[in-house]
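Following: one structure in structure tokens, then a few remarks.
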Amino acid sequence: MGKTKGANLGDTISLVGQSFIGTPYVEKTLEIGDTETLVVNFGGLDCTTFVENVLAFSLMLQNQQKDFENFTNNLETVRYRNGNLIGYPSRLHYFTEWIRNKEKKGLVKDITAELGGVELEKPINFMGTHRNLYPFLASDANFEAMQKVEKEIAKENLCYLPQNQIESKEHLIKSGDILALATSIKGLDVTHTGIAIHQPDGRLHLLHASSKNGEVEISELPLADYLKNIKSNIGIIVTRPILKSL
């Protein structure tokens, strides 16, 4: 891991992210067994577990940790509400809540508003309204707990940088920033997430676990152009990792 320490935190994060390039995209890696457990899977990643693994490793580098136990503790901190795994509803399923919970812990800062983001009032309740898509929601206790979570999320508006402003603002986004793709899909906040990375073409691209190409990769197109091909995309949420020591 020594080679993955960059000149600054953003560089470290993008180097750690690039070390996963070629890892197969596998969906639903966390939906296993009958109860929620801390799943560690380096053999297959989806867009969110890719970002979580990169942050957990970057925290290790930041804090000069070397043990696997440090990694699993970091992963739990990143993946679960307030860093505590207490069943399925404690996982931060909605990425907007994931961001806010990480902000409270001093791990990231949502900079979307500073970049000129706009607010959107939108009920976030996709899980509650699509119960049959989530095996763990067959449990009434899990379902009711997730409905409570959705009520809490509803108290805050979504702030996103509109798609048509990204190109003019991309110089303000740093390599290593976490990007979440905001969507017009009813009840959903974001559809995809990844890591910002500036490329030799002078443009901002997306380092992500791609379901389309089946692996972790850097988008061939610059981010602003890549998003134009996603019908439901309305823009991005930009979060800057700070990773204060836990």
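The chains in the structure tokens are called A, B, ... from first to last as shown; in each chain the residues are counted from 1, and the ligands are counted from 1 in the order shown.
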Extract, using only C-alpha atoms, all DNA, RNA and protein residues at most 12 Å from stretch 206-208 of chain A, discarding same-chain residues fewer than 5 positions from it, and format them as an NGL selection string. :A and (13-25 or 45-54 or 170 or 173-181 or 192-199 or 213-227 or 236)
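The environment of stretch 71-74 of chain A within 9 Å, counting only C-alpha atoms and disregarding residues fewer than 6 places along the same chain, consists of Leu38, Val40, Asn53, Leu55, Ala56, Phe57, Leu59, Met60, Gln65, Gly83 and Leu246 of chain A.
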Could you please take those selected residues and save C-alpha atoms as an mmCIF file, in the first residue's frame?
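Output below, filename result-v4.cif:
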data_model
loop_
_atom_site.group_PDB
_atom_site.id
_atom_site.type_symbol
_atom_site.label_atom_id
_atom_site.label_comp_id
_atom_site.auth_asym_id
_atom_site.auth_seq_id
_atom_site.Cartn_x
_atom_site.Cartn_y
_atom_site.Cartn_z
ATOM 1 C CA LEU A 38 -20.043 -6.573 7.588
ATOM 2 C CA VAL A 40 -15.703 -7.571 2.931
ATOM 3 C CA ASN A 53 -13.485 0.341 0.215
ATOM 4 C CA LEU A 55 -12.282 5.406 1.783
ATOM 5 C CA ALA A 56 -11.581 2.612 4.295
ATOM 6 C CA PHE A 57 -8.105 2.043 2.778
ATOM 7 C CA LEU A 59 -8.299 6.117 6.251
ATOM 8 C CA MET A 60 -5.744 3.385 6.973
ATOM 9 C CA GLN A 65 -2.786 1.659 10.248
ATOM 10 C CA GLY A 83 -20.389 3.803 12.372
ATOM 11 C CA LEU A 246 -11.349 8.828 14.097
#
Using only C-alpha atoms, what does the table of stretch 114-140 of chain A residues within 12 Å of stretch 86-92 of chain A look like, with each row giving the shortest atom pair and its distance in Å to one decimal, sorted by chain and ascending number, as a Markdown table?
| residue | atom | partner | partner_atom | distance |
| --- | --- | --- | --- | --- |
| A:Met127 | CA | A:Pro89 | CA | 11.0 |
| A:Gly128 | CA | A:Pro89 | CA | 11.8 |
| A:Tyr134 | CA | A:Tyr88 | CA | 10.8 |
| A:Pro135 | CA | A:Tyr88 | CA | 10.7 |
| A:Phe136 | CA | A:Tyr88 | CA | 7.2 |
| A:Leu137 | CA | A:Tyr88 | CA | 8.8 |
| A:Ala138 | CA | A:Tyr88 | CA | 11.6 |
| A:Ser139 | CA | A:Tyr88 | CA | 10.1 |
| A:Asp140 | CA | A:Pro89 | CA | 11.5 |
For C-alpha atoms, I'd like the residues from the last selection saved as a CSV table (one decimal), in the first residue's frame.
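File selection_2.csv, as written:
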chain,number,residue,atom,x,y,z
A,127,MET,CA,-37.2,1.5,-0.7
A,128,GLY,CA,-40.5,2.1,1.2
A,134,TYR,CA,-35.4,-5.6,-1.2
A,135,PRO,CA,-35.3,-9.1,0.3
A,136,PHE,CA,-34.4,-7.8,3.8
A,137,LEU,CA,-37.6,-5.6,3.7
A,138,ALA,CA,-39.7,-8.8,3.9
A,139,SER,CA,-39.2,-8.3,7.6
A,140,ASP,CA,-41.8,-5.9,9.1
Could you name the residues that touch A:Glu156 at 9 Å or less, counting only C-alpha atoms, but leaving out those on the same chain fewer than 3 positions away, as number ranges by chain? A: 121, 152-153
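Interatomic distance, atom CA of A:Arg81 against atom CA of A:Asp67: 23.1 Å.
Taking atom CA of A:Asn229 and atom CA of A:Gln163 as endpoints, the distance between them is 11.2 Å.
Nearest residue to A:Ile111 among A:Asn84, A:Asn70, A:Gln165, A:Thr239 is A:Thr239, counting only C-alpha atoms.
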Report as a ChimeraX atom specification: the residues of stretch 19-211 of chain A with a DSSP assignment of strand (DSSP E), based on the backbone of this structure. /A:108-110,118-120,158-162,178-183,190-198,204-210
